[in-house]
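File shown here: data-v3.pdb, holding PDB, C-alpha atoms and all ligand atoms.
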MODEL        1
ATOM      1  CA  GLY A 218       4.464 -47.130 -20.234  1.00  0.00           C
ATOM      2  CA  ASP A 219       7.667 -48.341 -21.879  1.00  0.00           C
ATOM      3  CA  ALA A 220       9.487 -45.049 -22.605  1.00  0.00           C
ATOM      4  CA  ALA A 221      11.851 -42.757 -20.732  1.00  0.00           C
ATOM      5  CA  VAL A 222      11.612 -39.001 -21.316  1.00  0.00           C
ATOM      6  CA  LEU A 223      14.771 -36.940 -20.839  1.00  0.00           C
ATOM      7  CA  VAL A 224      14.067 -33.313 -19.949  1.00  0.00           C
ATOM      8  CA  PRO A 225      17.098 -31.044 -20.351  1.00  0.00           C
ATOM      9  CA  ALA A 226      16.463 -28.082 -18.052  1.00  0.00           C
ATOM     10  CA  ALA A 227      19.972 -26.880 -17.261  1.00  0.00           C
ATOM     11  CA  GLY A 228      20.133 -23.872 -19.578  1.00  0.00           C
ATOM     12  CA  ALA A 229      20.469 -20.289 -18.358  1.00  0.00           C
ATOM     13  CA  GLY A 230      17.807 -18.804 -20.609  1.00  0.00           C
ATOM     14  CA  VAL A 231      19.947 -15.917 -21.842  1.00  0.00           C
ATOM     15  CA  ARG A 232      17.504 -14.927 -24.600  1.00  0.00           C
ATOM     16  CA  LEU A 233      14.561 -14.870 -22.194  1.00  0.00           C
ATOM     17  CA  GLY A 234      16.445 -12.864 -19.580  1.00  0.00           C
ATOM     18  CA  GLY A 235      15.491 -12.722 -15.883  1.00  0.00           C
ATOM     19  CA  ASP A 236      17.157 -13.676 -12.610  1.00  0.00           C
ATOM     20  CA  VAL A 237      16.574 -17.442 -12.527  1.00  0.00           C
ATOM     21  CA  PRO A 238      17.357 -20.207 -15.063  1.00  0.00           C
ATOM     22  CA  LYS A 239      14.615 -20.396 -17.699  1.00  0.00           C
ATOM     23  CA  ALA A 240      13.233 -23.780 -16.575  1.00  0.00           C
ATOM     24  CA  LEU A 241      12.444 -22.254 -13.170  1.00  0.00           C
ATOM     25  CA  ARG A 242      10.614 -19.227 -14.593  1.00  0.00           C
ATOM     26  CA  GLU A 243       6.929 -19.379 -13.761  1.00  0.00           C
ATOM     27  CA  LEU A 244       3.838 -19.459 -15.914  1.00  0.00           C
ATOM     28  CA  ARG A 245       0.657 -18.951 -13.886  1.00  0.00           C
ATOM     29  CA  GLY A 246       2.353 -19.934 -10.635  1.00  0.00           C
ATOM     30  CA  GLU A 247       4.182 -23.035 -11.886  1.00  0.00           C
ATOM     31  CA  SER A 248       7.685 -23.318 -13.294  1.00  0.00           C
ATOM     32  CA  LEU A 249       8.164 -24.146 -16.972  1.00  0.00           C
ATOM     33  CA  LEU A 250       9.853 -27.360 -15.814  1.00  0.00           C
ATOM     34  CA  VAL A 251       6.876 -28.475 -13.710  1.00  0.00           C
ATOM     35  CA  HIS A 252       4.515 -27.706 -16.599  1.00  0.00           C
ATOM     36  CA  ALA A 253       6.655 -29.783 -18.973  1.00  0.00           C
ATOM     37  CA  VAL A 254       7.149 -32.706 -16.572  1.00  0.00           C
ATOM     38  CA  LYS A 255       3.452 -32.898 -15.588  1.00  0.00           C
ATOM     39  CA  ARG A 256       2.384 -33.071 -19.210  1.00  0.00           C
ATOM     40  CA  ALA A 257       5.006 -35.721 -20.032  1.00  0.00           C
ATOM     41  CA  ALA A 258       3.965 -37.701 -16.947  1.00  0.00           C
ATOM     42  CA  ALA A 259       0.350 -37.674 -18.175  1.00  0.00           C
ATOM     43  CA  ALA A 260       1.337 -39.557 -21.351  1.00  0.00           C
ATOM     44  CA  ALA A 261       0.492 -43.270 -21.176  1.00  0.00           C
ATOM     45  CA  SER A 262       3.783 -44.205 -22.922  1.00  0.00           C
ATOM     46  CA  VAL A 263       5.961 -42.761 -20.186  1.00  0.00           C
ATOM     47  CA  ARG A 264       7.534 -44.971 -17.518  1.00  0.00           C
ATOM     48  CA  LEU A 265      10.376 -42.736 -16.315  1.00  0.00           C
ATOM     49  CA  ILE A 266      11.315 -39.053 -16.501  1.00  0.00           C
ATOM     50  CA  VAL A 267      14.938 -37.912 -16.157  1.00  0.00           C
ATOM     51  CA  VAL A 268      15.485 -34.181 -15.612  1.00  0.00           C
ATOM     52  CA  ALA A 269      18.881 -32.514 -16.157  1.00  0.00           C
ATOM     53  CA  ALA A 270      18.921 -29.548 -13.770  1.00  0.00           C
ATOM     54  CA  PRO A 271      21.338 -26.639 -13.429  1.00  0.00           C
ATOM     55  CA  PRO A 272      24.160 -28.266 -11.390  1.00  0.00           C
ATOM     56  CA  HIS A 273      23.835 -25.838  -8.444  1.00  0.00           C
ATOM     57  CA  LEU A 274      20.070 -26.351  -8.259  1.00  0.00           C
ATOM     58  CA  VAL A 275      19.715 -30.151  -8.273  1.00  0.00           C
ATOM     59  CA  SER A 276      18.194 -30.388  -4.796  1.00  0.00           C
ATOM     60  CA  GLU A 277      15.895 -27.396  -5.394  1.00  0.00           C
ATOM     61  CA  VAL A 278      14.655 -29.017  -8.602  1.00  0.00           C
ATOM     62  CA  ARG A 279      14.040 -32.335  -6.804  1.00  0.00           C
ATOM     63  CA  GLU A 280      11.991 -30.430  -4.238  1.00  0.00           C
ATOM     64  CA  LEU A 281      10.049 -28.597  -6.961  1.00  0.00           C
ATOM     65  CA  LEU A 282       9.071 -31.914  -8.578  1.00  0.00           C
ATOM     66  CA  THR A 283       7.991 -33.801  -5.440  1.00  0.00           C
ATOM     67  CA  GLY A 284       4.316 -33.145  -6.198  1.00  0.00           C
ATOM     68  CA  VAL A 285       4.441 -34.691  -9.676  1.00  0.00           C
ATOM     69  CA  ASP A 286       3.037 -38.207  -9.903  1.00  0.00           C
ATOM     70  CA  ALA A 287       5.785 -39.926 -11.900  1.00  0.00           C
ATOM     71  CA  ASP A 288       8.885 -42.062 -11.594  1.00  0.00           C
ATOM     72  CA  LEU A 289      11.463 -39.270 -11.635  1.00  0.00           C
ATOM     73  CA  VAL A 290      15.239 -38.858 -11.495  1.00  0.00           C
ATOM     74  CA  VAL A 291      17.080 -35.524 -11.362  1.00  0.00           C
ATOM     75  CA  VAL A 292      20.714 -35.313 -12.500  1.00  0.00           C
ATOM     76  CA  ALA A 293      23.106 -32.385 -12.888  1.00  0.00           C
ATOM     77  CA  GLY A 294      23.102 -31.005 -16.422  1.00  0.00           C
ATOM     78  CA  GLY A 295      26.153 -30.028 -18.463  1.00  0.00           C
ATOM     79  CA  ALA A 296      27.584 -27.025 -20.289  1.00  0.00           C
ATOM     80  CA  SER A 297      25.587 -27.616 -23.490  1.00  0.00           C
ATOM     81  CA  ARG A 298      22.166 -29.092 -24.159  1.00  0.00           C
ATOM     82  CA  GLN A 299      23.903 -32.054 -25.807  1.00  0.00           C
ATOM     83  CA  ASP A 300      25.906 -32.587 -22.601  1.00  0.00           C
ATOM     84  CA  SER A 301      22.796 -32.398 -20.464  1.00  0.00           C
ATOM     85  CA  VAL A 302      21.052 -34.980 -22.655  1.00  0.00           C
ATOM     86  CA  ALA A 303      24.096 -37.300 -22.426  1.00  0.00           C
ATOM     87  CA  ARG A 304      24.095 -37.059 -18.621  1.00  0.00           C
ATOM     88  CA  ALA A 305      20.389 -37.870 -18.440  1.00  0.00           C
ATOM     89  CA  LEU A 306      20.714 -40.727 -20.940  1.00  0.00           C
ATOM     90  CA  ALA A 307      23.472 -42.265 -18.823  1.00  0.00           C
ATOM     91  CA  VAL A 308      21.060 -43.005 -15.941  1.00  0.00           C
ATOM     92  CA  VAL A 309      18.252 -44.632 -17.960  1.00  0.00           C
ATOM     93  CA  PRO A 310      18.079 -48.182 -16.578  1.00  0.00           C
ATOM     94  CA  GLU A 311      18.427 -51.317 -18.712  1.00  0.00           C
ATOM     95  CA  GLY A 312      15.094 -52.571 -19.970  1.00  0.00           C
ATOM     96  CA  ILE A 313      13.822 -49.226 -21.239  1.00  0.00           C
ATOM     97  CA  ASP A 314      14.210 -49.374 -25.024  1.00  0.00           C
ATOM     98  CA  ILE A 315      12.431 -46.193 -26.125  1.00  0.00           C
ATOM     99  CA  VAL A 316      13.955 -42.849 -25.142  1.00  0.00           C
ATOM    100  CA  LEU A 317      12.354 -39.475 -25.852  1.00  0.00           C
ATOM    101  CA  VAL A 318      14.400 -36.282 -25.634  1.00  0.00           C
ATOM    102  CA  HIS A 319      12.368 -33.213 -24.724  1.00  0.00           C
ATOM    103  CA  ASP A 320      12.962 -29.582 -23.629  1.00  0.00           C
ATOM    104  CA  ALA A 321      11.806 -28.001 -20.377  1.00  0.00           C
ATOM    105  CA  ALA A 322      11.368 -24.879 -22.524  1.00  0.00           C
ATOM    106  CA  ARG A 323       8.538 -26.601 -24.476  1.00  0.00           C
ATOM    107  CA  ALA A 324       6.492 -26.408 -21.306  1.00  0.00           C
ATOM    108  CA  LEU A 325       3.017 -26.738 -22.817  1.00  0.00           C
ATOM    109  CA  THR A 326       3.691 -29.778 -25.020  1.00  0.00           C
ATOM    110  CA  PRO A 327       0.554 -31.933 -24.814  1.00  0.00           C
ATOM    111  CA  PRO A 328       0.735 -35.562 -23.574  1.00  0.00           C
ATOM    112  CA  GLU A 329      -0.814 -36.604 -26.904  1.00  0.00           C
ATOM    113  CA  LEU A 330       2.289 -35.459 -28.780  1.00  0.00           C
ATOM    114  CA  VAL A 331       4.533 -37.408 -26.394  1.00  0.00           C
ATOM    115  CA  ASP A 332       2.436 -40.529 -27.057  1.00  0.00           C
ATOM    116  CA  ALA A 333       2.416 -39.962 -30.833  1.00  0.00           C
ATOM    117  CA  VAL A 334       6.221 -39.795 -30.942  1.00  0.00           C
ATOM    118  CA  ALA A 335       6.617 -42.867 -28.717  1.00  0.00           C
ATOM    119  CA  SER A 336       4.088 -44.786 -30.847  1.00  0.00           C
ATOM    120  CA  ALA A 337       6.020 -44.053 -34.043  1.00  0.00           C
ATOM    121  CA  VAL A 338       9.193 -45.420 -32.418  1.00  0.00           C
ATOM    122  CA  ARG A 339       7.266 -48.460 -31.195  1.00  0.00           C
ATOM    123  CA  ALA A 340       5.981 -48.952 -34.756  1.00  0.00           C
ATOM    124  CA  GLY A 341       9.554 -49.409 -35.972  1.00  0.00           C
ATOM    125  CA  HIS A 342      11.132 -46.008 -36.639  1.00  0.00           C
ATOM    126  CA  GLY A 343      14.574 -45.689 -35.050  1.00  0.00           C
ATOM    127  CA  ALA A 344      14.324 -41.901 -34.790  1.00  0.00           C
ATOM    128  CA  VAL A 345      11.193 -39.725 -34.834  1.00  0.00           C
ATOM    129  CA  ILE A 346      10.731 -35.953 -34.776  1.00  0.00           C
ATOM    130  CA  PRO A 347       7.572 -33.803 -34.509  1.00  0.00           C
ATOM    131  CA  VAL A 348       7.485 -31.112 -37.207  1.00  0.00           C
ATOM    132  CA  LEU A 349       5.338 -28.201 -38.384  1.00  0.00           C
ATOM    133  CA  PRO A 350       5.230 -26.511 -41.794  1.00  0.00           C
ATOM    134  CA  VAL A 351       7.186 -23.243 -41.966  1.00  0.00           C
ATOM    135  CA  VAL A 352       4.774 -20.284 -42.236  1.00  0.00           C
ATOM    136  CA  ASP A 353       7.210 -17.465 -43.097  1.00  0.00           C
ATOM    137  CA  THR A 354       8.964 -17.057 -46.430  1.00  0.00           C
ATOM    138  CA  ILE A 355      12.603 -18.087 -45.869  1.00  0.00           C
ATOM    139  CA  LYS A 356      15.529 -16.450 -47.644  1.00  0.00           C
ATOM    140  CA  ARG A 357      19.222 -17.221 -47.621  1.00  0.00           C
ATOM    141  CA  VAL A 358      21.150 -14.012 -46.894  1.00  0.00           C
ATOM    142  CA  ASP A 359      24.854 -13.304 -47.395  1.00  0.00           C
ATOM    143  CA  SER A 360      27.212 -11.557 -44.962  1.00  0.00           C
ATOM    144  CA  ASN A 361      26.473  -8.144 -46.557  1.00  0.00           C
ATOM    145  CA  GLY A 362      22.791  -8.474 -45.740  1.00  0.00           C
ATOM    146  CA  ASP A 363      21.861  -9.098 -49.365  1.00  0.00           C
ATOM    147  CA  VAL A 364      19.460 -11.848 -50.368  1.00  0.00           C
ATOM    148  CA  ALA A 365      21.190 -14.757 -52.059  1.00  0.00           C
ATOM    149  CA  ALA A 366      18.102 -16.901 -52.645  1.00  0.00           C
ATOM    150  CA  THR A 367      14.520 -17.622 -51.633  1.00  0.00           C
ATOM    151  CA  VAL A 368      14.358 -21.152 -50.291  1.00  0.00           C
ATOM    152  CA  ASP A 369      11.484 -23.414 -51.378  1.00  0.00           C
ATOM    153  CA  ARG A 370       9.402 -23.381 -48.196  1.00  0.00           C
ATOM    154  CA  SER A 371       7.310 -26.402 -49.173  1.00  0.00           C
ATOM    155  CA  GLU A 372      10.198 -28.723 -48.418  1.00  0.00           C
ATOM    156  CA  LEU A 373      11.095 -27.133 -45.045  1.00  0.00           C
ATOM    157  CA  ARG A 374       9.810 -28.067 -41.590  1.00  0.00           C
ATOM    158  CA  ALA A 375      10.245 -26.503 -38.154  1.00  0.00           C
ATOM    159  CA  VAL A 376      11.348 -29.188 -35.696  1.00  0.00           C
ATOM    160  CA  GLN A 377      10.081 -29.627 -32.137  1.00  0.00           C
ATOM    161  CA  THR A 378      10.526 -32.016 -29.228  1.00  0.00           C
ATOM    162  CA  PRO A 379      10.026 -34.612 -27.863  1.00  0.00           C
ATOM    163  CA  GLN A 380      12.208 -36.450 -30.349  1.00  0.00           C
ATOM    164  CA  GLY A 381      11.943 -40.218 -29.969  1.00  0.00           C
ATOM    165  CA  PHE A 382      14.563 -42.905 -30.458  1.00  0.00           C
ATOM    166  CA  ARG A 383      15.194 -46.581 -30.109  1.00  0.00           C
ATOM    167  CA  ARG A 384      17.566 -46.470 -27.193  1.00  0.00           C
ATOM    168  CA  GLU A 385      20.514 -48.001 -29.059  1.00  0.00           C
ATOM    169  CA  VAL A 386      20.171 -45.428 -31.854  1.00  0.00           C
ATOM    170  CA  LEU A 387      20.379 -42.501 -29.411  1.00  0.00           C
ATOM    171  CA  VAL A 388      23.270 -44.067 -27.493  1.00  0.00           C
ATOM    172  CA  LYS A 389      25.196 -44.636 -30.740  1.00  0.00           C
ATOM    173  CA  ALA A 390      24.447 -41.098 -31.933  1.00  0.00           C
ATOM    174  CA  HIS A 391      25.776 -39.580 -28.700  1.00  0.00           C
ATOM    175  CA  ALA A 392      28.835 -41.825 -28.728  1.00  0.00           C
ATOM    176  CA  GLU A 393      29.791 -41.324 -32.383  1.00  0.00           C
ATOM    177  CA  ALA A 394      28.448 -38.033 -33.752  1.00  0.00           C
ATOM    178  CA  GLY A 395      31.184 -35.465 -33.315  1.00  0.00           C
ATOM    179  CA  GLY A 396      30.700 -31.723 -32.925  1.00  0.00           C
ATOM    180  CA  GLU A 397      27.854 -29.647 -31.544  1.00  0.00           C
ATOM    181  CA  HIS A 398      24.294 -30.342 -32.670  1.00  0.00           C
ATOM    182  CA  THR A 399      21.162 -28.318 -31.877  1.00  0.00           C
ATOM    183  CA  ASP A 400      19.010 -31.426 -31.739  1.00  0.00           C
ATOM    184  CA  ASP A 401      19.434 -35.138 -31.183  1.00  0.00           C
ATOM    185  CA  ALA A 402      17.991 -36.177 -34.536  1.00  0.00           C
ATOM    186  CA  GLY A 403      20.797 -34.203 -36.185  1.00  0.00           C
ATOM    187  CA  MET A 404      23.281 -36.556 -34.571  1.00  0.00           C
ATOM    188  CA  VAL A 405      21.370 -39.557 -35.918  1.00  0.00           C
ATOM    189  CA  GLU A 406      21.387 -38.009 -39.417  1.00  0.00           C
ATOM    190  CA  ARG A 407      25.144 -37.611 -39.120  1.00  0.00           C
ATOM    191  CA  LEU A 408      25.382 -41.384 -38.718  1.00  0.00           C
ATOM    192  CA  GLY A 409      23.441 -41.793 -41.963  1.00  0.00           C
ATOM    193  CA  LEU A 410      20.419 -43.315 -40.216  1.00  0.00           C
ATOM    194  CA  PRO A 411      16.818 -42.413 -41.138  1.00  0.00           C
ATOM    195  CA  VAL A 412      14.736 -39.921 -39.149  1.00  0.00           C
ATOM    196  CA  HIS A 413      10.938 -40.045 -39.497  1.00  0.00           C
ATOM    197  CA  CYS A 414       8.601 -37.025 -39.158  1.00  0.00           C
ATOM    198  CA  VAL A 415       5.217 -36.936 -37.409  1.00  0.00           C
ATOM    199  CA  PRO A 416       2.895 -33.907 -37.095  1.00  0.00           C
ATOM    200  CA  GLY A 417       3.956 -31.525 -34.325  1.00  0.00           C
ATOM    201  CA  SER A 418       1.773 -29.255 -32.190  1.00  0.00           C
ATOM    202  CA  GLU A 419       1.489 -25.484 -31.963  1.00  0.00           C
ATOM    203  CA  LEU A 420       1.308 -25.965 -28.195  1.00  0.00           C
ATOM    204  CA  ALA A 421       4.836 -27.414 -28.243  1.00  0.00           C
ATOM    205  CA  LEU A 422       6.347 -23.994 -28.986  1.00  0.00           C
ATOM    206  CA  LYS A 423       9.755 -23.420 -27.421  1.00  0.00           C
ATOM    207  CA  ILE A 424       9.678 -20.591 -24.907  1.00  0.00           C
ATOM    208  CA  THR A 425      12.794 -18.749 -26.029  1.00  0.00           C
ATOM    209  CA  ARG A 426      12.196 -14.984 -25.969  1.00  0.00           C
ATOM    210  CA  PRO A 427      10.002 -12.792 -23.741  1.00  0.00           C
ATOM    211  CA  VAL A 428       7.155 -12.756 -26.296  1.00  0.00           C
ATOM    212  CA  ASP A 429       6.934 -16.566 -26.070  1.00  0.00           C
ATOM    213  CA  LEU A 430       6.203 -16.348 -22.347  1.00  0.00           C
ATOM    214  CA  ILE A 431       3.322 -13.995 -23.115  1.00  0.00           C
ATOM    215  CA  ILE A 432       1.976 -16.356 -25.783  1.00  0.00           C
ATOM    216  CA  ALA A 433       2.239 -19.333 -23.408  1.00  0.00           C
ATOM    217  CA  GLU A 434       0.461 -17.370 -20.666  1.00  0.00           C
ATOM    218  CA  ALA A 435      -2.332 -16.558 -23.130  1.00  0.00           C
ATOM    219  CA  LEU A 436      -2.659 -20.217 -24.173  1.00  0.00           C
ATOM    220  CA  LEU A 437      -3.090 -21.217 -20.522  1.00  0.00           C
ATOM    221  CA  THR A 438      -5.606 -18.426 -19.908  1.00  0.00           C
ATOM    222  CA  ALA A 439      -7.599 -19.505 -22.957  1.00  0.00           C
ATOM    223  CA  GLU A 440      -7.491 -23.069 -21.560  1.00  0.00           C
ATOM    224  CA  VAL A 441      -6.214 -24.498 -24.830  1.00  0.00           C
ATOM    225  CA  ALA A 442      -2.996 -25.769 -23.184  1.00  0.00           C
TER     226      ALA A 442
HETATM  227  N1  LIG A 501      19.605 -26.930 -21.807  1.00  0.00           N
HETATM  228  C1  LIG A 501      20.271 -27.795 -20.925  1.00  0.00           C
HETATM  229  N2  LIG A 501      21.617 -27.623 -20.672  1.00  0.00           N
HETATM  230  C2  LIG A 501      22.300 -26.642 -21.270  1.00  0.00           C
HETATM  231  C3  LIG A 501      21.644 -25.756 -22.185  1.00  0.00           C
HETATM  232  C4  LIG A 501      20.291 -25.934 -22.448  1.00  0.00           C
HETATM  233  O1  LIG A 501      19.658 -28.692 -20.356  1.00  0.00           O
HETATM  234  N3  LIG A 501      23.588 -26.499 -20.972  1.00  0.00           N
HETATM  235  C5  LIG A 501      18.150 -27.078 -22.008  1.00  0.00           C
HETATM  236  C6  LIG A 501      17.376 -25.823 -21.626  1.00  0.00           C
HETATM  237  O2  LIG A 501      17.175 -25.778 -20.211  1.00  0.00           O
HETATM  238  C7  LIG A 501      16.101 -25.953 -22.424  1.00  0.00           C
HETATM  239  C8  LIG A 501      16.515 -26.803 -23.625  1.00  0.00           C
HETATM  240  O3  LIG A 501      17.832 -27.294 -23.364  1.00  0.00           O
HETATM  241  O4  LIG A 501      15.055 -26.605 -21.726  1.00  0.00           O
HETATM  242  C9  LIG A 501      16.463 -26.001 -24.915  1.00  0.00           C
HETATM  243  O5  LIG A 501      17.460 -24.985 -24.896  1.00  0.00           O
HETATM  244  P1  LIG A 501      17.194 -23.422 -25.014  1.00  0.00           P
HETATM  245  O6  LIG A 501      15.768 -23.153 -25.361  1.00  0.00           O
HETATM  246  O7  LIG A 501      18.289 -22.872 -25.842  1.00  0.00           O
HETATM  247  O8  LIG A 501      17.349 -22.947 -23.469  1.00  0.00           O
HETATM  248  P2  LIG A 501      18.541 -22.127 -22.824  1.00  0.00           P
HETATM  249  O9  LIG A 501      19.844 -22.657 -23.317  1.00  0.00           O
HETATM  250  O10 LIG A 501      18.291 -22.107 -21.369  1.00  0.00           O
HETATM  251  O11 LIG A 501      18.266 -20.658 -23.414  1.00  0.00           O
HETATM  252  P3  LIG A 501      19.340 -19.651 -24.082  1.00  0.00           P
HETATM  253  O12 LIG A 501      19.938 -20.414 -25.244  1.00  0.00           O
HETATM  254  O13 LIG A 501      18.517 -18.477 -24.493  1.00  0.00           O
HETATM  255  O14 LIG A 501      20.335 -19.342 -22.990  1.00  0.00           O
HETATM  256 MG    MG A 502      20.369 -22.525 -25.428  1.00  0.00          MG
ENDMDL
END

Would you mind writing the file out in structure tokens?
Ligand code: CTP
Ligand code: MG
Amino acid sequence: GDAAVLVPAAGAGVRLGGDVPKALRELRGESLLVHAVKRAAAAASVRLIVVAAPPHLVSEVRELLTGVDADLVVVAGGASRQDSVARALAVVPEGIDIVLVHDAARALTPPELVDAVASAVRAGHGAVIPVLPVVDTIKRVDSNGDVAATVDRSELRAVQTPQGFRREVLVKAHAEAGGEHTDDAGMVERLGLPVHCVPGSELALKITRPVDLIIAEALLTAEVA
């Protein structure tokens, strides 16, 4: 492979709840992080995986990942996802020119999606995101709880990870895009650079709330993930 995958895993998981950071919560006996890293490691494009762990759990996370067959580095994450990504990006060695930014919380993301994103970068796109059509009707609502408008859903997409970048594009985005961003592609957009979409996967759902853990469990039981 020729790509590095950064796996931010340092979040607390406030919306999911529970006693341990979300990335260490288990699905059928394996942590979300191990699920995510194993699937990324199975992608032919991947040469190196860099995990950003909760700072107080770096050695535990290293231990947890010893069984995974991959070139792996664990660093301490930061206070925001953006921070955690920056810390992981900082240790990617020279010579790796494609960098994918993932989420431990998208634990069931198939290796095929990782390869599809990396391929689109390899084909010449500086920034690539996997997207799905939005299924719900979306409305803009004002602060009184009144509907201001119905947004044209046909031009909206829900965005997933891994997001793929030519290394220099991601480095520039992190160095120059000010403020907080919920994804890395948003920082690239801020620079005025193009971001290309490829089809996402329903299996790449982000495990955010308790119901998502139940859905993920069901996907594993049904052997579709
Ligand atoms: N993340 C991180 N460092 C942070 C915050 C988030 O590495 N300081 C990671 C999470 O571990 C997760 C990914 O970014 O894999 C996506 O974030 P999210 O789903 O929001 O996870 P949490 O921040 O842990 O959840 P919550 O916002 O509910 O606390
Ligand atoms: Mg969060």

Selected residue of minimal separation from Ala333 in chain A among A:Gly218, A:Gly294, A:Gly284, A:Gly381, counting only C-alpha atoms: A:Gly381

Write out as a list in words which residues come within 12 Å of Arg245 in chain A when counting only C-alpha atoms, dropping same-chain ones fewer than 4 positions away.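 Once the adjacent positions are removed, what remains is Leu249, Val251, His252, Leu430, Ile431, Ala433, Glu434, Ala435, Leu436, Leu437, Thr438 and Glu440 of chain A.
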
When you count all atoms listed in the file, which of these residues is closest to ligand LIG 501 (chain A): A:Val254, A:Ile432, A:Ala269, A:Val376? A:Ala269

Name the residues in contact with Thr378 in chain A at a cut-off of 7 Å, using all atoms listed in the file, excluding same-chain residues fewer than 5 positions from it; report them as an MDAnalysis selection string. chainID A and resid 318:320 346:347

Spell out the residues picked by the PyMOL selection byres (((chain A and resi 302-314) around 7) and not hetatm) here, as a list in words.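 With the shown file as input, the PyMOL selection byres (((chain A and resi 302-314) around 7) and not hetatm) matches Asp219, Ala220, Ala221, Leu223, Pro225, Val267, Val268, Ala269, Val292, Gly294, Arg298, Gln299, Asp300, Ser301, Ile315, Val316, Arg383, Arg384 and His391 of chain A.
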
Within 8 Å of ligand LIG 501 (chain A) (only C-alpha atoms and all ligand atoms), residues as a PyMOL selection string: chain A and resi 224-234+238-240+250+269-271+294-302+319-323+423-426

Hits of the PyMOL selection byres (((chain A and resi 327) around 12) and not hetatm) in this structure, as a PyMOL selection string: chain A and resi 252-261+319+323-326+328-334+378-379+417-422+441-442

Would you save the residues from that selection as a CSV table (one decimal), keeping the file's coordinate frame, using C-alpha atoms?
chain,number,residue,atom,x,y,z
A,252,HIS,CA,4.5,-27.7,-16.6
A,253,ALA,CA,6.7,-29.8,-19.0
A,254,VAL,CA,7.1,-32.7,-16.6
A,255,LYS,CA,3.5,-32.9,-15.6
A,256,ARG,CA,2.4,-33.1,-19.2
A,257,ALA,CA,5.0,-35.7,-20.0
A,258,ALA,CA,4.0,-37.7,-16.9
A,259,ALA,CA,0.4,-37.7,-18.2
A,260,ALA,CA,1.3,-39.6,-21.4
A,261,ALA,CA,0.5,-43.3,-21.2
A,319,HIS,CA,12.4,-33.2,-24.7
A,323,ARG,CA,8.5,-26.6,-24.5
A,324,ALA,CA,6.5,-26.4,-21.3
A,325,LEU,CA,3.0,-26.7,-22.8
A,326,THR,CA,3.7,-29.8,-25.0
A,328,PRO,CA,0.7,-35.6,-23.6
A,329,GLU,CA,-0.8,-36.6,-26.9
A,330,LEU,CA,2.3,-35.5,-28.8
A,331,VAL,CA,4.5,-37.4,-26.4
A,332,ASP,CA,2.4,-40.5,-27.1
A,333,ALA,CA,2.4,-40.0,-30.8
A,334,VAL,CA,6.2,-39.8,-30.9
A,378,THR,CA,10.5,-32.0,-29.2
A,379,PRO,CA,10.0,-34.6,-27.9
A,417,GLY,CA,4.0,-31.5,-34.3
A,418,SER,CA,1.8,-29.3,-32.2
A,419,GLU,CA,1.5,-25.5,-32.0
A,420,LEU,CA,1.3,-26.0,-28.2
A,421,ALA,CA,4.8,-27.4,-28.2
A,422,LEU,CA,6.3,-24.0,-29.0
A,441,VAL,CA,-6.2,-24.5,-24.8
A,442,ALA,CA,-3.0,-25.8,-23.2

With the file shown as input, list the residues that the PyMOL selection byres (((chain A and resi 352) around 12) and not hetatm) selects, as a VMD selection string. chain A and resid 349 to 351 353 to 355 369 to 375 419

Residues near range 398-413 of chain A, cut-off 8 Å, all atoms listed in the file, skip fewer than 2 positions along chain, as number ranges by chain: A: 298-299, 318, 342-346, 380, 386-387, 390-391, 393-394, 396, 415

Please report the interatomic distance between CA of Val263 in chain A and CA of Leu282 in chain A in Å with one decimal.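 Straight-line distance from CA of Val263 in chain A to CA of Leu282 in chain A works out to 16.2 Å.
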
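With CA of Leu244 in chain A on one side and CA of Leu281 in chain A on the other, the separation reads 14.2 Å.
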
To one decimal place in Å, what is the distance between CA of Arg264 in chain A and CA of Leu317 in chain A? 11.1 Å

Around all listed atoms of range 434-438 of chain A, padded 3 Å per side, what centre and edge lengths does the axis-aligned box have in Å to one decimal, as JSON?
{"center_x": -2.6, "center_y": -18.9, "center_z": -22.0, "size_x": 12.1, "size_y": 10.7, "size_z": 10.3}

Within 8 Å of Lys356 in chain A, counting all atoms listed in the file, which residues show up once you throw out same-chain ones fewer than 2 positions away? Write them as a PyMOL selection string, please. chain A and resi 354+358+364-368

May I ask which of the residues A:Val275, A:Ala340, A:Val428, A:Ile266 is the closest one to Val290 in chain A, counting all atoms listed in the file?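 Of A:Val275, A:Ala340, A:Val428, A:Ile266, the one nearest Val290 in chain A, counting all atoms listed in the file, is A:Ile266.
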
For range 323-328 of chain A, supply N, CA and C atoms and format the output as an mmCIF file, keeping the file's coordinate frame.
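Output (selection-v4.cif):
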data_model
loop_
_atom_site.group_PDB
_atom_site.id
_atom_site.type_symbol
_atom_site.label_atom_id
_atom_site.label_comp_id
_atom_site.auth_asym_id
_atom_site.auth_seq_id
_atom_site.Cartn_x
_atom_site.Cartn_y
_atom_site.Cartn_z
ATOM 1 N N ARG A 323 9.797 -26.325 -23.755
ATOM 2 C CA ARG A 323 8.538 -26.601 -24.476
ATOM 3 C C ARG A 323 7.510 -27.024 -23.446
ATOM 4 N N ALA A 324 7.217 -26.114 -22.545
ATOM 5 C CA ALA A 324 6.492 -26.408 -21.306
ATOM 6 C C ALA A 324 5.060 -26.869 -21.529
ATOM 7 N N LEU A 325 4.435 -26.446 -22.622
ATOM 8 C CA LEU A 325 3.017 -26.738 -22.817
ATOM 9 C C LEU A 325 2.778 -27.887 -23.794
ATOM 10 N N THR A 326 3.814 -28.630 -24.111
ATOM 11 C CA THR A 326 3.691 -29.778 -25.020
ATOM 12 C C THR A 326 2.643 -30.759 -24.498
ATOM 13 N N PRO A 327 1.618 -31.055 -25.302
ATOM 14 C CA PRO A 327 0.554 -31.933 -24.814
ATOM 15 C C PRO A 327 0.982 -33.396 -24.709
ATOM 16 N N PRO A 328 0.431 -34.132 -23.739
ATOM 17 C CA PRO A 328 0.735 -35.562 -23.574
ATOM 18 C C PRO A 328 0.480 -36.339 -24.867
#
